[in-house]
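Trainee: Here's a structure for you.
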Amino acid sequence: MSAPWPAWLAALALLTLLRPACAAGDTRLHALDIHYHQDAATLELRLTAPIDATRVSTFVLIDPLQLVLDLPEVTPAANLPRRLAASGLLKQVTLAGDGERLRVLLRLKHPVTHRLQAQGERLLLELAPRAGEDAAAIGQIDFRRGPAGEGRLTLELASADHPVQLRQLGQRLVANIGGASLPGSLRRRVEVGGFGTPVRYHTALPHDDGVRLVLETQGPWRYLAHQRGRQLVIDVLPTTAAAQAAGAGAGKQYSGKKLSLNFQNIEIRAALQVLADFTGTNIIASDTVAGQLSLRLKDLPWDQALDLILQAGGLEMRRHGDVLWIAPREDMLARERQELEQKAQIADLEPLHAESFQLNYQRADTLRRALGIGEDGATQPGRRHTLLSRRGSAMIDSHTNQLLVTDTLAALANVRKLIERIDVAARQVVIEARIVEADDGFARNLGVKLGLSALTRGAAVGNSYAGVGELSGQTAAARGLYLREPALDLRADTTGGNIPGSFAFTLFNAAAQRFLNVELSALEADGRGKIVSSPRLVTADQQAALIEQGEEIPYQQSAGNGVTTTAFKKANLKLEVTPQITPDGNVILDVDVNKDSRGSATPGGLAINTKHIKTKVQVEDGGTVVIGGIYTQADQDHETRVPLLGEIPLLGALFRQRSSRREKTELLIFLTPRIVVPPRPY
């Protein structure tokens with residue numbers, strides 16, 4: 001069974017039958033044939049006169065997928081069928097004309113490439129399935145405000161054969177363009193809320209083997225999309241009452257057939273009758289519709305003319321199916337108010353029904369506010385803004401996770417719809433984190449240990465008391481390479497617990513009366529380290545998860561009256577994250593990371609070295625993002641020397657001790673979210 005014709009197409013076909021066949025000219029379409037070739041097809045249109053193929057306009061409708069040809073100044077023959085069944089690439093071929101052009105609509109099963117050529121009195125349209133090709137980059141993306149207050153996004157495609165799929169996901173409109181690539185300059189999120197349209201942002205990003213466009217909207221809206229050649233146009237129109245009442249000057253969109261009216265003091269009921277006869281629309285006017293007006297309208301859409309008549313006469317219109325009911329504004333509002341009061345009275349007299357609802361994935365407690373239920377599980381008196389009627393009641397059984405509701409059938413249906421929407425299995429996200437802490441340290445120390453002693457006539461001279469005593473025989477002799485507490489000791493310090501290396505030698509005369517002992521010591525330490533932590537956790541969509549590992553360090557604190565107690569400080573690694581899955585398959589992460597470690601000892605206890613990062617980022621499924629890096633570098637240089645002697649060139653090195661230290665640390669955090677795909681039911 002074929003789908004019903006759209007209203008405009010039916011009207012167009014009706015006008016075609018009513019108009020004379022020769023109104024537009026002598027060119028007629030007297031035959032239409034479809035030739036099939038394996039995976040391709042050729043549509044042959046035979047005319048009574050040649051036609052220029054460049055004058056034929058072609059464009060593609062996206063939903064449903066259709067290829068449209070407009071032949072100017074061509075009429076169909078009277079005996080030509082207006083609808084033809086097809087196969088292969090085609091579903092159906094439909095003809096419609098309005099006296100000025102002939103429109104041929106081809107409903108397609110798959111995206112196709114087409115080529116139009118004229119051969120005398122024949123017009124050939126060759127169709128072929130879109131072949132796979134290398135992804136071509138799309139062109140400019142432009143956004144503007146349209147005349148009806150709509151947000152109009154225009155995109156230049158690389159080819160007219162790219163398949164385009166649109167779908168609405170909540171307050172987002174998603175368009176997938178297959179076989180296309182996205183230049184780096186267009187990979188961005190653009191704010192367009194300042195245009196005053198339903199669109200707040202539009203985002204372009206690569207997706208699978210093509211490009212994805214996401215339009216984030218606000219308020220009620222609807223969309224229209226069409227493609228002409230390589231240009232894709234998406235219109236997002238507001239559907240609020242304020243936008244509809246804005247009038248012609250404010251940009252309300254009218255699509256009716258144009259007409260001209262010129263009346264002086266015509267009755268409003270007569271003007272409505274003229275519009276009804278012109279459009280074939282069923283119009284019912286209330287008995288209270290009265291008054292006169294003067295009209296002088298030229299080439300105006302009939303629905304815009306109707307709006308002007310309603311505004312001039314203080315009338316309101318309501319649509320009931322295919323019928324337009326028109327009445328004065330006060331009568332219309334009074335009638336609607338009366339209907340609401342009658343519905344309220346019926347609800348007060350309608351019998352109550354009881355129904356129990358079993359929740360499988362959500363806790364029944366989550367419905368407390370929506371149903372006006374208190375902590376005790378019973379309905380609260382005087383509740384407002386709930387799903388239940390004034391006589392309705394509800395009760396929660398926490399043990400079985402059931403909800404028992406007693407109310408009218410309409411209220412029970414609302415509760416059932418709410419539970420069907422929220423009682424679903426939550427999607428899960430696996431979050432893998434890699435916390436890398438790298439350090440690089442280098443230290444160098446160089447020093448000297450110098451001892452001098454000499455025996456002269458009647459005196460012993462040296463640079464240490466012990467050395468002079470040994471030389472003069474007052475202490476035990478210990479001549480050699482090792483000095484006993486020399487006055488000049490600039491040895492290299494230990495670094496990281498390592499003992500410096502040393503080299504010593506002694507110079508003395510033949511009589512062993514003068515000694516010069518020298519000991520050189522040096523130490524160079526180079527260390528590199530990397531600490532990698534890889535916490536991993538799984539959590540549900542929009543549910544916080546926490547993983548923590550480390551130690552608690554005890555310390556003493558005063559409890560008053562001279563009493564001390566033992567308390568603990570945490571020095572651990574903590575990852576707290578809340579994921580949110582977006583409709584376009586990305587993940588928004590609310591991340592809080594702590595990397596604490598044991599610090600140096602202080603009089604009040606051990607210090608805690610803390611590194612903390614808190615942020616919110618958006619990552620594609622399976623992608624990796626670096627959310628932060630902490631880099632520190634410390635440089636230290638020290639020199640100890642003997643005054644004056646340490647400043648002597650070259651020889652002064654024996655009277656100096658130098659040390660240098662370089663330390664670098666870096667902290668990097670990598671996050672990779674992956675959406676868990678639920679198992680397929682058997």
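A note on labels: chains of the structure tokens are A, B, ... as shown, every chain counts residues from 1, and ligands are counted from 1 in their shown order.
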Output as a ChimeraX atom specification all residues of stretch 265-426 of chain A that backbone DSSP marks as alpha helix (DSSP H).

Mentor: /A:268-279,302-313,329-349,368-371,409-422

Trainee: When you look at A:Ala136 with a cut-off of 10 Å (counting only C-alpha atoms), what residues show up, excluding the ones that are within fewer than 6 positions of it in the same chain? I need them as a list in words.

Mentor: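 Contacts, in chain order: Leu157, Ala158, Ser159, His162, Gly179, Ala180, Ser181, Leu182, Pro183 and Gly210 of chain A.
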
Trainee: Going by DSSP on the backbone, which residues of stretch 46-259 of chain A come out as strand (DSSP E)? List them as an NGL selection string.

Mentor: :A and (46-47 or 57-61 or 66-72 or 75-76 or 83-85 or 90-97 or 101-108 or 112-119 or 122-129 or 136-137 or 141-145 or 151-156 or 164-169 or 172-178 or 180-181 or 189-191 or 199-207 or 210-217 or 221-228 or 231-238 or 258-259)

Trainee: Closest to A:Phe195 among A:Phe143, A:Tyr555, A:Tyr223, A:Phe357, using only C-alpha atoms?

Mentor: A:Phe143

Trainee: What gap, in Å, lies between atom CA of A:Gly314 and atom CA of A:Lys343?

Mentor: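 Result for atom CA of A:Gly314 versus atom CA of A:Lys343: 27.3 Å, one decimal.
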
Trainee: Leaving out A:Ile630 and any residue of its chain fewer than 6 positions from it, which residues lie within 12 Å of it when counting only C-alpha atoms, given as a list of chain:residue names?

Mentor: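 Skipping anything fewer than 6 positions along the chain leaves A:Ile435, A:Val436, A:Glu437, A:Ala438, A:Asp439, A:Lys595, A:Thr610, A:Lys611, A:His612, A:Ile613, A:Lys664, A:Thr665, A:Glu666, A:Leu667, A:Leu668, A:Ile669.
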
Trainee: Quick one: of A:Leu537, A:Ile268, A:Leu387, A:Leu67, who's nearest to A:Pro328, counting only C-alpha atoms?

Mentor: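 Among A:Leu537, A:Ile268, A:Leu387, A:Leu67, it is A:Ile268 that comes nearest to A:Pro328.
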
Trainee: When you count only C-alpha atoms, which of these residues is closest to A:Pro301: A:Asn282, A:Ser260, A:Leu606, A:Val626?

Mentor: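 That would be A:Ser260, the residue with the smallest distance to A:Pro301.
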
Trainee: Which neighbours of stretch 149-155 of chain A fall inside 9 Å, counting only C-alpha atoms, when residues of the same chain fewer than 5 positions from it are skipped, and could you give them as a PyMOL selection string?

Mentor: chain A and resi 138-144+192+195-199+202+223+230-238+243+250-253

Trainee: Just give me the gap between atom CA of A:Arg200 and atom CA of A:Arg188 in Å, one decimal is fine.

Mentor: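 According to the coordinates, atom CA of A:Arg200 and atom CA of A:Arg188 are separated by 13.9 Å.
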
Trainee: If you count only C-alpha atoms, which residues fall within 9 Å of A:Val164, apart from same-chain ones fewer than 6 positions away, as a PyMOL selection string?

Mentor: chain A and resi 62+111+175-178+232

Trainee: What is the atom CA of A:Leu573 to atom CA of A:Arg598 distance in Å?

Mentor: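 Those two atoms sit 11.7 Å apart.
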
Trainee: Please provide as number ranges by chain all residues within 9 Å of stretch 269-271 of chain A, with the sequence filter that same-chain residues fewer than 2 positions apart are discarded (counting only C-alpha atoms).

Mentor: A: 263, 266-267, 273-276, 285, 289-293, 306, 309

Trainee: How would the residues just picked look written out with N, CA and C atoms as a tab-separated table (two decimals), in the first residue's frame?

Mentor:
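As written to disk, again.tsv reads:
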```tsv
chain	number	residue	atom	x	y	z
A	263	PHE	N	-10.97	44.36	-2.43
A	263	PHE	CA	-12.36	44.52	-2.03
A	263	PHE	C	-12.50	45.79	-1.20
A	266	ILE	N	-15.96	44.71	2.30
A	266	ILE	CA	-16.49	43.37	2.13
A	266	ILE	C	-16.75	42.76	3.50
A	267	GLU	N	-17.81	41.96	3.60
A	267	GLU	CA	-18.09	41.27	4.84
A	267	GLU	C	-16.98	40.27	5.14
A	273	GLN	N	-15.15	33.12	2.80
A	273	GLN	CA	-15.70	32.23	1.78
A	273	GLN	C	-14.85	32.25	0.52
A	274	VAL	N	-14.33	33.46	0.18
A	274	VAL	CA	-13.45	33.55	-1.00
A	274	VAL	C	-12.20	32.70	-0.81
A	275	LEU	N	-11.59	32.78	0.37
A	275	LEU	CA	-10.39	31.98	0.63
A	275	LEU	C	-10.71	30.50	0.62
A	276	ALA	N	-11.87	30.12	1.16
A	276	ALA	CA	-12.25	28.71	1.17
A	276	ALA	C	-12.44	28.18	-0.24
A	285	ALA	N	-17.07	29.21	10.15
A	285	ALA	CA	-17.09	30.49	10.85
A	285	ALA	C	-18.22	30.49	11.86
A	289	VAL	N	-19.20	35.77	14.09
A	289	VAL	CA	-18.24	36.44	13.21
A	289	VAL	C	-19.00	37.46	12.37
A	290	ALA	N	-18.64	38.73	12.51
A	290	ALA	CA	-19.33	39.80	11.79
A	290	ALA	C	-18.36	40.94	11.54
A	291	GLY	N	-18.82	41.92	10.78
A	291	GLY	CA	-18.00	43.09	10.50
A	291	GLY	C	-17.58	43.16	9.05
A	292	GLN	N	-17.02	44.30	8.67
A	292	GLN	CA	-16.56	44.54	7.32
A	292	GLN	C	-15.11	45.01	7.33
A	293	LEU	N	-14.47	44.83	6.19
A	293	LEU	CA	-13.10	45.32	6.03
A	293	LEU	C	-12.82	45.56	4.56
A	306	LEU	N	-5.13	35.14	5.19
A	306	LEU	CA	-6.04	34.70	6.24
A	306	LEU	C	-5.63	35.27	7.59
A	309	ILE	N	-6.72	38.89	7.82
A	309	ILE	CA	-8.16	39.02	8.05
A	309	ILE	C	-8.51	38.72	9.50
```
